[in-house]
$ cat entry.txt   # compact mmCIF, C-alpha atoms
# COMPACT_ATOMS: atom_id res chain seq x y z
CA MET A 1 -13.46 -22.85 -17.06
CA SER A 2 -16.12 -20.24 -17.88
CA ALA A 3 -15.85 -16.62 -16.77
CA ASN A 4 -18.63 -17.23 -14.25
CA GLU A 5 -16.81 -20.20 -12.78
CA VAL A 6 -13.60 -18.20 -12.55
CA HIS A 7 -15.48 -15.40 -10.80
CA THR A 8 -17.11 -17.80 -8.36
CA GLU A 9 -13.80 -19.41 -7.53
CA GLN A 10 -11.86 -16.18 -7.18
CA SER A 11 -14.55 -14.33 -5.24
CA GLU A 12 -14.22 -16.91 -2.47
CA SER A 13 -10.80 -15.42 -1.77
CA ILE A 14 -11.96 -11.83 -1.31
CA GLY A 15 -12.12 -11.96 2.49
CA ALA A 16 -8.72 -13.61 2.79
CA TYR A 17 -7.25 -11.11 0.33
CA ALA A 18 -8.70 -8.16 2.25
CA LEU A 19 -7.12 -9.52 5.43
CA GLY A 20 -3.74 -10.12 3.80
CA ALA A 21 -4.15 -13.85 4.36
CA LEU A 22 -3.61 -15.03 0.79
CA PRO A 23 -0.14 -16.39 -0.01
CA ALA A 24 1.71 -14.23 -2.56
CA LEU A 25 1.02 -16.42 -5.57
CA GLU A 26 -2.69 -16.71 -4.84
CA ALA A 27 -2.84 -12.98 -4.22
CA GLN A 28 -1.36 -12.32 -7.66
CA VAL A 29 -3.89 -14.61 -9.33
CA PHE A 30 -6.70 -12.91 -7.45
CA GLU A 31 -5.42 -9.44 -8.36
CA ARG A 32 -5.39 -10.39 -12.00
CA HIS A 33 -9.04 -11.44 -11.76
CA LEU A 34 -9.85 -8.36 -9.69
CA MET A 35 -8.68 -5.92 -12.33
CA GLY A 36 -11.32 -7.15 -14.73
CA CYS A 37 -14.16 -7.82 -12.29
CA ASP A 38 -16.36 -4.94 -11.16
CA LEU A 39 -18.28 -7.18 -8.77
CA CYS A 40 -15.16 -8.24 -6.92
CA GLN A 41 -13.83 -4.68 -6.86
CA GLU A 42 -17.05 -3.49 -5.25
CA GLU A 43 -17.11 -6.30 -2.70
CA LEU A 44 -13.45 -5.75 -1.86
CA ARG A 45 -14.15 -2.07 -1.28
CA ARG A 46 -16.92 -3.01 1.17
CA LEU A 47 -14.85 -5.60 3.02
CA THR A 48 -11.89 -3.22 3.23
CA GLU A 49 -14.08 -0.89 5.31
CA ALA A 50 -14.35 -3.66 7.90
CA VAL A 51 -10.64 -4.46 7.77
CA GLU A 52 -9.77 -0.79 8.27
CA ALA A 53 -11.90 -0.78 11.43
CA LEU A 54 -9.93 -3.63 13.02
CA PRO A 55 -7.07 -1.41 14.30
CA ARG A 56 -9.68 0.58 16.24
CA SER A 57 -10.65 -2.54 18.15
CA VAL A 58 -7.34 -2.80 19.96
CA ALA A 59 -6.71 -1.46 23.45
CA PRO A 60 -4.99 1.93 23.33
CA HIS A 61 -1.41 2.12 24.49
CA GLU A 62 0.82 5.16 24.66
CA PRO A 63 4.21 4.82 22.99
CA PRO A 64 7.15 6.03 25.07
CA PRO A 65 8.45 9.57 24.35
CA SER A 66 11.83 8.03 23.48
CA LEU A 67 10.23 6.43 20.40
CA LYS A 68 9.23 9.79 18.96
CA ALA A 69 12.58 11.32 19.87
CA SER A 70 14.49 8.56 18.12
CA LEU A 71 12.21 8.59 15.08
CA MET A 72 12.32 12.35 14.61
CA GLU A 73 16.09 12.47 15.05
CA GLN A 74 16.42 10.15 12.07
CA VAL A 75 13.73 11.91 10.03
CA ARG A 76 15.27 15.35 10.56
CA ALA A 77 18.69 14.01 9.65
CA GLU A 78 17.29 12.65 6.39
CA ALA A 79 15.20 15.75 5.67
CA ALA A 80 17.98 18.29 6.00
CA PRO A 81 20.27 17.18 3.17
CA ARG A 82 17.29 16.39 0.96
CA GLN A 83 15.84 19.87 1.35
CA SER A 84 19.13 21.48 0.46
CA SER A 85 19.81 19.12 -2.43
CA ALA A 86 16.29 19.66 -3.77
CA ARG A 87 16.87 23.40 -3.73
CA GLU A 88 20.18 22.83 -5.44
CA ARG A 89 18.58 20.69 -8.14
CA ARG A 90 15.91 23.29 -8.80
CA ARG A 91 18.53 25.99 -9.11
CA LEU A 92 20.56 23.95 -11.56
CA THR A 93 17.76 22.63 -13.74
CA LEU A 94 15.28 25.51 -14.03
CA PRO A 95 13.41 25.81 -16.22
CA ARG A 96 12.47 22.17 -15.85
CA LEU A 97 11.43 20.42 -19.00
CA ARG A 98 8.03 18.86 -19.11
CA PRO A 99 8.11 15.36 -20.57
CA ALA A 100 6.70 16.51 -23.90
CA MET A 101 9.33 19.23 -24.19
CA ALA A 102 11.97 16.78 -23.13
CA TRP A 103 10.82 14.48 -25.89
CA ALA A 104 11.17 17.20 -28.45
CA ALA A 105 14.65 18.01 -27.19
CA ALA A 106 15.67 14.39 -27.13
CA ALA A 107 14.22 13.78 -30.57
CA LEU A 108 16.42 16.51 -31.98
CA LEU A 109 19.43 14.82 -30.52
CA ILE A 110 18.70 11.22 -31.21
CA ALA A 111 15.89 11.21 -33.73
CA GLY A 112 15.33 7.84 -35.26
CA VAL A 113 17.15 5.97 -32.59
CA LEU A 114 14.36 6.11 -30.10
CA ALA A 115 11.54 5.67 -32.63
CA GLY A 116 8.93 7.93 -31.23
CA TYR A 117 9.60 7.87 -27.52
CA GLY A 118 9.66 10.98 -25.41
CA VAL A 119 12.70 10.94 -23.25
CA SER A 120 13.44 12.60 -20.01
CA GLN A 121 15.24 11.70 -16.87
CA LEU A 122 14.20 14.57 -14.72
CA GLY A 123 14.14 12.66 -11.49
CA GLY A 124 17.20 12.89 -9.37
CA GLY A 125 18.63 10.40 -6.98
CA ASP A 126 17.14 11.25 -3.61
CA GLY A 127 18.85 9.97 -0.55
CA ASP A 128 16.12 7.43 0.07
CA GLY A 129 15.33 6.38 -3.46
CA ARG A 130 14.87 7.51 -7.02
CA THR A 131 12.06 8.99 -9.05
CA LEU A 132 12.52 8.16 -12.71
CA GLN A 133 10.62 9.84 -15.49
CA ALA A 134 9.24 7.62 -18.21
CA GLN A 135 9.93 7.77 -21.90
CA VAL A 136 6.49 8.24 -23.43
CA ASP A 137 5.32 7.47 -26.95
CA MET A 138 3.88 10.90 -27.68
CA GLN A 139 1.99 9.67 -30.73
CA ARG A 140 -0.13 7.23 -28.78
CA LEU A 141 -0.08 9.14 -25.46
CA PRO A 142 0.12 12.77 -26.54
CA ASP A 143 -0.67 14.13 -23.05
CA GLY A 144 0.87 11.29 -21.11
CA SER A 145 3.57 11.30 -18.51
CA ALA A 146 4.68 8.81 -15.88
CA THR A 147 7.11 8.46 -13.04
CA LEU A 148 8.53 5.45 -11.32
CA SER A 149 9.31 5.78 -7.60
CA VAL A 150 11.96 3.30 -6.57
CA PRO A 151 12.78 3.40 -2.87
CA GLU A 152 16.37 2.91 -1.80
CA ASP A 153 15.38 -0.34 -0.17
CA ASP A 154 12.99 -1.42 -2.90
CA GLY A 155 12.34 -4.89 -1.57
CA GLY A 156 8.89 -3.63 -0.61
CA GLY A 157 8.17 -2.60 -4.17
CA SER A 158 8.07 0.42 -6.43
CA VAL A 159 5.21 2.51 -7.72
CA LEU A 160 4.51 3.63 -11.27
CA ARG A 161 2.32 6.72 -11.47
CA VAL A 162 0.79 7.87 -14.72
CA ASP A 163 -0.89 11.08 -15.69
CA GLY A 164 -2.80 12.17 -18.78
CA LEU A 165 -3.24 8.70 -20.22
CA PRO A 166 -6.31 8.17 -22.40
CA ASP A 167 -8.72 5.33 -21.85
CA PRO A 168 -6.93 2.42 -23.56
CA GLY A 169 -10.17 1.72 -25.45
CA GLY A 170 -11.58 -1.46 -26.90
CA GLY A 171 -12.12 -2.98 -23.45
CA ARG A 172 -8.40 -2.93 -22.87
CA VAL A 173 -6.36 -2.15 -19.76
CA TYR A 174 -2.85 -0.91 -19.20
CA GLN A 175 -0.43 -3.65 -18.26
CA VAL A 176 2.94 -3.22 -16.57
CA TRP A 177 5.94 -5.35 -17.51
CA VAL A 178 9.42 -5.68 -16.09
CA GLU A 179 12.35 -6.44 -18.37
CA ARG A 180 15.31 -8.38 -17.02
CA ARG A 181 18.14 -9.45 -19.29
CA GLY A 182 15.86 -9.46 -22.31
CA GLU A 183 13.07 -11.35 -20.61
CA VAL A 184 9.79 -9.52 -20.16
CA VAL A 185 7.41 -10.62 -17.43
CA PRO A 186 3.92 -9.30 -16.59
CA VAL A 187 3.65 -7.51 -13.26
CA SER A 188 0.30 -5.82 -12.85
CA ILE A 189 -2.64 -4.21 -14.56
CA PHE A 190 -4.15 -0.81 -13.98
CA ASP A 191 -6.91 1.47 -15.16
CA VAL A 192 -6.88 5.24 -15.31
CA ASP A 193 -9.55 7.59 -14.02
CA THR A 194 -11.33 10.22 -16.06
CA GLY A 195 -8.37 12.55 -15.61
CA GLY A 196 -6.03 9.93 -17.02
CA ASN A 197 -4.41 9.32 -13.65
CA GLY A 198 -3.52 5.92 -12.35
CA ALA A 199 -0.92 4.00 -10.44
CA ALA A 200 0.46 0.50 -10.37
CA ALA A 201 2.41 -1.25 -7.66
CA ILE A 202 5.47 -3.19 -8.73
CA PRO A 203 6.16 -5.70 -6.00
CA GLY A 204 9.66 -6.90 -5.20
CA SER A 205 13.02 -5.42 -6.02
CA LEU A 206 13.95 -3.77 -9.32
CA GLU A 207 17.63 -4.01 -8.51
CA ASP A 208 18.34 -6.41 -11.37
CA ALA A 209 15.71 -5.03 -13.73
CA ASP A 210 16.55 -3.21 -16.93
CA ALA A 211 13.25 -1.47 -17.53
CA VAL A 212 9.62 -1.13 -16.58
CA MET A 213 7.21 -0.89 -19.50
CA VAL A 214 3.50 -0.41 -20.13
CA THR A 215 1.37 -1.73 -22.95
CA ARG A 216 -2.36 -1.78 -23.67
CA GLU A 217 -3.73 -5.27 -23.38
CA PRO A 218 -7.09 -7.07 -23.44
CA ARG A 219 -8.91 -6.85 -20.08
CA GLY A 220 -7.47 -9.47 -17.77
CA GLY A 221 -4.01 -8.96 -19.15
CA SER A 222 -1.74 -10.88 -21.51
CA ASP A 223 1.08 -13.32 -20.96
CA ALA A 224 3.27 -11.43 -23.41
CA PRO A 225 3.04 -7.88 -24.77
CA THR A 226 0.82 -7.56 -27.84
CA GLU A 227 2.17 -4.16 -28.86
CA THR A 228 5.28 -2.08 -28.49
CA PRO A 229 5.27 -0.28 -25.13
CA VAL A 230 3.45 3.03 -24.87
CA LEU A 231 5.84 4.07 -22.15
CA ARG A 232 9.09 2.81 -20.75
CA VAL A 233 11.27 3.58 -17.76
CA ASP A 234 14.88 2.53 -17.98
CA ILE A 235 16.16 1.54 -14.56
CA MET B 236 2.75 27.65 10.02
CA ASP B 237 0.36 26.26 12.63
CA TYR B 238 0.52 22.60 11.75
CA ALA B 239 -1.96 21.60 14.44
CA ARG B 240 -4.72 23.38 12.51
CA LEU B 241 -4.06 21.56 9.25
CA ALA B 242 -6.02 18.52 8.15
CA ASP B 243 -4.09 15.29 7.70
CA GLU B 244 -4.29 15.56 3.93
CA GLU B 245 -2.82 19.08 4.00
CA LEU B 246 -0.08 17.92 6.32
CA MET B 247 0.75 15.10 3.93
CA GLN B 248 1.28 17.59 1.12
CA ALA B 249 3.92 19.25 3.29
CA VAL B 250 5.36 15.88 4.28
CA GLN B 251 5.64 14.94 0.61
CA GLY B 252 7.71 18.06 0.15
CA GLY B 253 10.10 16.83 2.85
CA ASP B 254 8.74 18.83 5.80
CA ALA B 255 9.85 17.01 8.95
CA THR B 256 7.75 19.17 11.27
CA ALA B 257 4.59 18.25 9.37
CA PHE B 258 5.62 14.62 9.69
CA GLU B 259 6.04 15.08 13.44
CA THR B 260 2.45 16.35 13.63
CA ILE B 261 1.29 13.31 11.72
CA TYR B 262 3.13 11.13 14.23
CA ASP B 263 1.57 13.01 17.15
CA ARG B 264 -1.88 12.30 15.74
CA HIS B 265 -1.46 8.68 14.74
CA GLY B 266 1.57 7.38 16.60
CA ALA B 267 -0.43 6.04 19.53
CA ALA B 268 -2.90 4.19 17.29
CA ALA B 269 0.01 2.77 15.32
CA PHE B 270 1.84 1.70 18.48
CA SER B 271 -1.34 0.12 19.88
CA LEU B 272 -1.84 -1.87 16.69
CA ALA B 273 1.77 -3.03 16.64
CA TYR B 274 1.55 -3.96 20.33
CA ARG B 275 -1.59 -5.98 19.66
CA ILE B 276 0.25 -7.91 16.95
CA VAL B 277 3.65 -8.51 18.52
CA GLY B 278 2.64 -8.62 22.18
CA THR B 279 5.58 -6.84 23.81
CA ARG B 280 6.31 -3.15 24.23
CA SER B 281 9.88 -3.36 22.98
CA ALA B 282 8.92 -5.23 19.80
CA ALA B 283 6.03 -2.82 19.28
CA GLU B 284 8.40 0.14 19.61
CA ASP B 285 10.72 -1.36 17.00
CA ALA B 286 7.84 -2.11 14.66
CA THR B 287 6.32 1.36 15.05
CA GLN B 288 9.61 3.13 14.44
CA ASP B 289 10.33 0.93 11.43
CA ALA B 290 6.87 1.60 10.01
CA PHE B 291 7.01 5.38 10.49
CA LEU B 292 10.43 5.53 8.87
CA ALA B 293 9.00 3.56 5.96
CA ILE B 294 6.11 6.03 5.83
CA TRP B 295 8.53 8.95 5.76
CA ARG B 296 10.65 7.35 3.07
CA SER B 297 7.69 6.34 0.90
CA ARG B 298 5.68 9.51 1.49
CA VAL B 299 5.41 10.22 -2.24
CA ARG B 300 3.22 7.15 -2.53
CA TYR B 301 0.40 8.63 -0.50
CA GLN B 302 -2.57 9.52 -2.68
CA ARG B 303 -5.43 11.35 -1.01
CA ASP B 304 -8.03 9.92 -3.37
CA ARG B 305 -7.16 6.41 -2.22
CA GLY B 306 -8.33 6.83 1.38
CA SER B 307 -7.62 8.62 4.63
CA VAL B 308 -4.13 9.31 5.92
CA ARG B 309 -4.95 7.31 9.05
CA SER B 310 -5.96 4.24 7.05
CA TRP B 311 -2.86 4.54 4.90
CA ILE B 312 -0.60 4.81 7.94
CA LEU B 313 -2.24 1.99 9.86
CA GLY B 314 -2.15 -0.18 6.74
CA ILE B 315 1.62 0.31 6.51
CA VAL B 316 2.06 -0.28 10.23
CA HIS B 317 0.04 -3.47 9.96
CA ASN B 318 1.95 -4.77 6.93
CA ARG B 319 5.39 -3.95 8.33
CA THR B 320 4.59 -5.43 11.73
CA ILE B 321 3.20 -8.62 10.24
CA ASP B 322 6.26 -8.85 8.00
CA ALA B 323 8.51 -8.48 11.05
CA LEU B 324 6.49 -11.09 12.87
CA ARG B 325 6.88 -13.53 9.99
CA ARG B 326 10.59 -12.77 9.59
CA ASN B 327 11.24 -13.43 13.24
CA GLN B 328 9.31 -16.64 13.10
CA VAL B 329 7.40 -15.75 16.22
CA HIS B 330 4.53 -17.82 14.91
CA ALA B 331 5.85 -20.96 16.49
CA THR B 332 5.51 -19.53 19.97
CA ARG B 333 2.25 -17.83 19.15
CA ARG B 334 0.47 -20.95 18.01
CA ALA B 335 -0.16 -21.83 21.62
CA ASP B 336 -2.17 -18.64 21.92
CA ALA B 337 -4.29 -19.35 18.89
CA GLU B 338 -7.30 -20.08 21.05
CA GLY B 339 -7.54 -16.35 21.51
CA ILE B 340 -4.94 -13.70 20.96
CA GLU B 341 -5.26 -11.81 24.21
CA GLU B 342 -5.42 -8.13 24.63
CA ARG B 343 -2.70 -6.72 26.80
CA GLU B 344 -4.09 -3.71 28.59
CA ALA B 345 -1.81 -0.92 29.69
CA ALA B 346 -2.29 0.26 33.23
CA SER B 347 -2.28 3.98 32.67
CA GLU B 348 -4.47 6.85 33.67
CA LEU B 349 -7.12 7.83 31.16
CA THR B 350 -6.54 11.07 29.32
CA ASP B 351 -9.32 12.63 27.25
CA VAL B 352 -7.78 11.37 24.04
CA GLU B 353 -7.38 7.94 25.50
CA ALA B 354 -10.97 7.99 26.71
CA ILE B 355 -12.11 8.73 23.16
CA ARG B 356 -9.95 5.91 21.84
CA ARG B 357 -11.37 3.53 24.39
CA ASP B 358 -14.91 4.53 23.45
CA GLU B 359 -14.06 3.91 19.79
CA GLN B 360 -12.53 0.60 20.77
CA ARG B 361 -15.66 -0.42 22.67
CA LYS B 362 -17.84 0.32 19.64
CA VAL B 363 -15.73 -1.73 17.25
CA ARG B 364 -15.38 -4.53 19.81
CA ALA B 365 -19.15 -4.53 20.26
CA ALA B 366 -19.58 -4.90 16.50
CA ILE B 367 -17.04 -7.72 16.41
CA GLU B 368 -18.82 -9.50 19.25
CA THR B 369 -21.98 -9.77 17.16
CA LEU B 370 -20.09 -12.09 14.80
CA PRO B 371 -20.18 -15.85 15.28
CA GLU B 372 -17.08 -16.88 17.23
CA PRO B 373 -15.57 -18.99 14.39
CA GLN B 374 -15.68 -15.92 12.12
CA VAL B 375 -14.01 -13.73 14.75
CA ARG B 376 -11.32 -16.32 15.27
CA VAL B 377 -10.27 -16.58 11.61
CA ILE B 378 -10.37 -12.81 11.15
CA GLU B 379 -8.22 -12.17 14.22
CA LEU B 380 -5.77 -14.93 13.41
CA ALA B 381 -5.34 -13.51 9.92
CA TYR B 382 -5.22 -9.81 10.74
CA PHE B 383 -3.50 -9.74 14.10
CA GLY B 384 -1.71 -13.05 13.87
CA GLY B 385 -0.45 -12.71 10.31
CA PHE B 386 -1.40 -16.26 9.42
CA THR B 387 -2.41 -17.29 5.92
CA HIS B 388 -5.71 -19.01 5.25
CA SER B 389 -4.00 -22.37 4.87
CA GLN B 390 -2.10 -21.98 8.16
CA ILE B 391 -5.35 -21.12 9.91
CA ALA B 392 -7.10 -24.07 8.30
CA GLU B 393 -4.35 -26.34 9.58
CA MET B 394 -4.47 -24.85 13.07
CA LEU B 395 -8.22 -25.16 13.34
CA ASP B 396 -8.40 -28.43 11.43
CA GLU B 397 -10.92 -26.98 9.00
CA PRO B 398 -11.02 -26.98 5.18
CA VAL B 399 -9.40 -23.95 3.55
CA GLY B 400 -12.69 -23.15 1.81
CA THR B 401 -14.44 -22.96 5.17
CA VAL B 402 -11.83 -20.59 6.54
CA LYS B 403 -12.05 -18.35 3.49
CA GLY B 404 -15.82 -18.35 3.68
CA ARG B 405 -15.78 -17.35 7.33
CA MET B 406 -13.41 -14.49 6.60
CA ARG B 407 -15.64 -13.20 3.83
CA LEU B 408 -18.89 -13.54 5.74
CA GLY B 409 -17.39 -12.18 8.95
CA LEU B 410 -15.98 -9.07 7.31
CA ASP B 411 -19.25 -8.41 5.51
CA LYS B 412 -21.23 -8.73 8.73
CA LEU B 413 -18.76 -6.55 10.59
CA ARG B 414 -19.06 -3.84 7.97
CA ARG B 415 -22.84 -3.94 8.24
CA GLU B 416 -22.72 -3.76 12.01
CA LEU B 417 -20.35 -0.81 11.94
CA ALA B 418 -22.59 0.94 9.46
CA GLY B 419 -25.57 0.31 11.70
CA VAL B 420 -27.16 -2.02 9.21
CA THR B 421 -28.44 -5.32 10.47
CA ALA B 422 -27.98 -8.23 8.15

$ encode --input "entry.txt" --output "structure tokens"
Amino acid sequence: MSANEVHTEQSESIGAYALGALPALEAQVFERHLMGCDLCQEELRRLTEAVEALPRSVAPHEPPPSLKASLMEQVRAEAAPRQSSARERRRLTLPRLRPAMAWAAAALLIAGVLAGYGVSQLGGGDGDGRTLQAQVDMQRLPDGSATLSVPEDDGGGSVLRVDGLPDPGGGRVYQVWVERRGEVVPVSIFDVDTGGNGAAAIPGSLEDADAVMVTREPRGGSDAPTETPVLRVDI
Amino acid sequence: MDYARLADEELMQAVQGGDATAFETIYDRHGAAAFSLAYRIVGTRSAAEDATQDAFLAIWRSRVRYQRDRGSVRSWILGIVHNRTIDALRRNQVHATRRADAEGIEEREAASELTDVEAIRRDEQRKVRAAIETLPEPQVRVIELAYFGGFTHSQIAEMLDEPVGTVKGRMRLGLDKLRRELAGVTA
């Protein structure tokens, strides 16, 4: 099937995708096409404007005061220990290492073993999830850093955020992989903006995953990594 | 700090730092819209309360995911409320009983006195409804079944006895026309 034919077929799903009406598998296929298709990205952006207006079409209803009371009771209970534990962490870990510094420190300790990866695990275990710092290959991503936010109940998915990543070049994109018991499966593709910032959603649970990794792949993504990862987060 | 004077995006910065009072202000601003959306989807006040509380807790717990360059706080919140409520709807298998209502998912109006804020919301509602009413009825039906009913394109195709391609086409055309109407552009 030619690229044009693929585009024609996939673009028919844009409306359903914008409305959340594509089954999961079809949505994944569409997302893969979307990452490499400027036309579909632009149309999706337009249609999303309409979707975001739909909540405004509903009749307004006031929630009962008891809803807010119950919600805020829980939120305040969760906020209190977090605020104190965050203060505690800051007190114990200052000065915090930036990933590059952490890499240098780690390299001194375990040079050779990690073969060029910056290492840090600055994120702590928050009450409602974890933020894990990535190990970054400082040769290929000299200014790069990344964090993986894994909610406590991560059935809804995790988020990988990157910062300071260069354009992958050569028409390539960054591709996210999840490693489970030695098996590596593709998850999603992302681009970075001019500041090197980007994010990728990792659907589903990472409970049984060993690591999340990123490689640079041809636009559209690969079925298997074509290079050693440029960054890696051990779960 | 006078939270009421802060923009949503500024409040979210505080929320991301774990500030519960900032989160309360966010709820005050968007809780009613969220509850209204959940009510529209699930159809009962008690289920809407559960869905709204569940969604706002999820928002609190995933607050680090908010990125201001990806859209407004309101859109982000309502997107989460929509997704969580539809998920709950699907989990509870309410679809079976809702199929009978597929001819038109009815609005359930609350009988309450109009406050100023509510009057503004109702005016906003009228404008969006007016834009929706310019769409051909088959396009409105598939859009509402998908968005408010949580049905997939193939479920809708089966319900309406139409090809999947037709359903997808109506969704795409309907959303495009709706966007143009809302922007004041006639197709």

$ closest_atom_pairs --input "entry.txt" --of "chain A" --to "chain B" --cutoff "6 Å" --atoms "all atoms listed in the file" --output "JSON lines"
{"residue": "A:Gly15", "atom": "CA", "partner": "B:Arg407", "partner_atom": "CA", "distance": 4.0}
{"residue": "A:Ala16", "atom": "CA", "partner": "B:Lys403", "partner_atom": "CA", "distance": 5.8}
{"residue": "A:Leu19", "atom": "CA", "partner": "B:Tyr382", "partner_atom": "CA", "distance": 5.6}
{"residue": "A:Ala21", "atom": "CA", "partner": "B:Thr387", "partner_atom": "CA", "distance": 4.2}
{"residue": "A:Leu22", "atom": "CA", "partner": "B:Thr387", "partner_atom": "CA", "distance": 5.7}
{"residue": "A:Leu47", "atom": "CA", "partner": "B:Leu410", "partner_atom": "CA", "distance": 5.6}
{"residue": "A:Ala50", "atom": "CA", "partner": "B:Arg414", "partner_atom": "CA", "distance": 4.7}
{"residue": "A:Pro55", "atom": "CA", "partner": "B:Leu272", "partner_atom": "CA", "distance": 5.8}
{"residue": "A:Arg56", "atom": "CA", "partner": "B:Gln360", "partner_atom": "CA", "distance": 5.4}
{"residue": "A:Ser57", "atom": "CA", "partner": "B:Gln360", "partner_atom": "CA", "distance": 4.5}
{"residue": "A:Pro60", "atom": "CA", "partner": "B:Ser271", "partner_atom": "CA", "distance": 5.3}
{"residue": "A:His61", "atom": "CA", "partner": "B:Ser271", "partner_atom": "CA", "distance": 5.0}
{"residue": "A:Glu62", "atom": "CA", "partner": "B:Ala267", "partner_atom": "CA", "distance": 5.4}
{"residue": "A:Pro63", "atom": "CA", "partner": "B:Ala267", "partner_atom": "CA", "distance": 5.9}
{"residue": "A:Arg76", "atom": "CA", "partner": "B:Ala255", "partner_atom": "CA", "distance": 5.9}
{"residue": "A:Ala79", "atom": "CA", "partner": "B:Gly253", "partner_atom": "CA", "distance": 5.9}

$ residues_near_point --input "entry.txt" --point "(-7.0, -6.6, -20.9)" --cutoff "9 Å" --atoms "only C-alpha atoms" --output "ChimeraX atom specification"
/A:35-36,171-175,189,216-222

$ closest_residue --input "entry.txt" --among "B:Arg376, B:His265, B:Arg326, B:Arg240" --to "Ser307 in chain B" --atoms "all atoms listed in the file"
B:His265

$ residues_around --input "entry.txt" --residues "range 229-233 of chain A" --least-positions-apart "6" --cutoff "8 Å" --atoms "all atoms listed in the file" --output "PDB file with C-alpha atoms, in the frame of the given file"
ATOM      1  CA  TYR A 117       9.600   7.870 -27.520  1.00  0.00           C
ATOM      2  CA  LEU A 132      12.520   8.160 -12.710  1.00  0.00           C
ATOM      3  CA  GLN A 133      10.620   9.840 -15.490  1.00  0.00           C
ATOM      4  CA  ALA A 134       9.240   7.620 -18.210  1.00  0.00           C
ATOM      5  CA  GLN A 135       9.930   7.770 -21.900  1.00  0.00           C
ATOM      6  CA  VAL A 136       6.490   8.240 -23.430  1.00  0.00           C
ATOM      7  CA  ASP A 137       5.320   7.470 -26.950  1.00  0.00           C
ATOM      8  CA  ARG A 140      -0.130   7.230 -28.780  1.00  0.00           C
ATOM      9  CA  LEU A 141      -0.080   9.140 -25.460  1.00  0.00           C
ATOM     10  CA  ALA A 146       4.680   8.810 -15.880  1.00  0.00           C
ATOM     11  CA  THR A 147       7.110   8.460 -13.040  1.00  0.00           C
ATOM     12  CA  LEU A 148       8.530   5.450 -11.320  1.00  0.00           C
ATOM     13  CA  ALA A 211      13.250  -1.470 -17.530  1.00  0.00           C
ATOM     14  CA  VAL A 212       9.620  -1.130 -16.580  1.00  0.00           C
ATOM     15  CA  MET A 213       7.210  -0.890 -19.500  1.00  0.00           C
ATOM     16  CA  VAL A 214       3.500  -0.410 -20.130  1.00  0.00           C
ATOM     17  CA  THR A 215       1.370  -1.730 -22.950  1.00  0.00           C
ATOM     18  CA  ARG A 216      -2.360  -1.780 -23.670  1.00  0.00           C
TER      19      ARG A 216
END

$ atom_distance --input "entry.txt" --atom1 "CA of Leu71 in chain A" --atom2 "CA of Asp322 in chain B"
19.7 Å

$ atom_distance --input "entry.txt" --atom1 "CA of Ile312 in chain B" --atom2 "CA of Glu372 in chain B"
28.8 Å

$ residues_around --input "entry.txt" --residues "Ala18 in chain A" --least-positions-apart "5" --cutoff "7 Å" --atoms "all atoms listed in the file" --output "PyMOL selection string"
chain A and resi 44+47-48+51

$ residues_around --input "entry.txt" --residues "Gly195 in chain A" --least-positions-apart "3" --cutoff "10 Å" --atoms "all atoms listed in the file" --output "MDAnalysis selection string"
chainID A and resid 163:167 192 198

$ closest_residue --input "entry.txt" --among "A:Glu183, A:Glu227, A:Asp234, A:Asp38" --to "Glu207 in chain A" --atoms "all atoms listed in the file"
A:Asp234

$ atom_distance --input "entry.txt" --atom1 "CA of Ala24 in chain A" --atom2 "CA of Gln10 in chain A"
14.5 Å

$ residues_around --input "entry.txt" --residues "Asn4 in chain A" --least-positions-apart "5" --cutoff "12 Å" --atoms "all atoms listed in the file" --output "count of residues only"
6
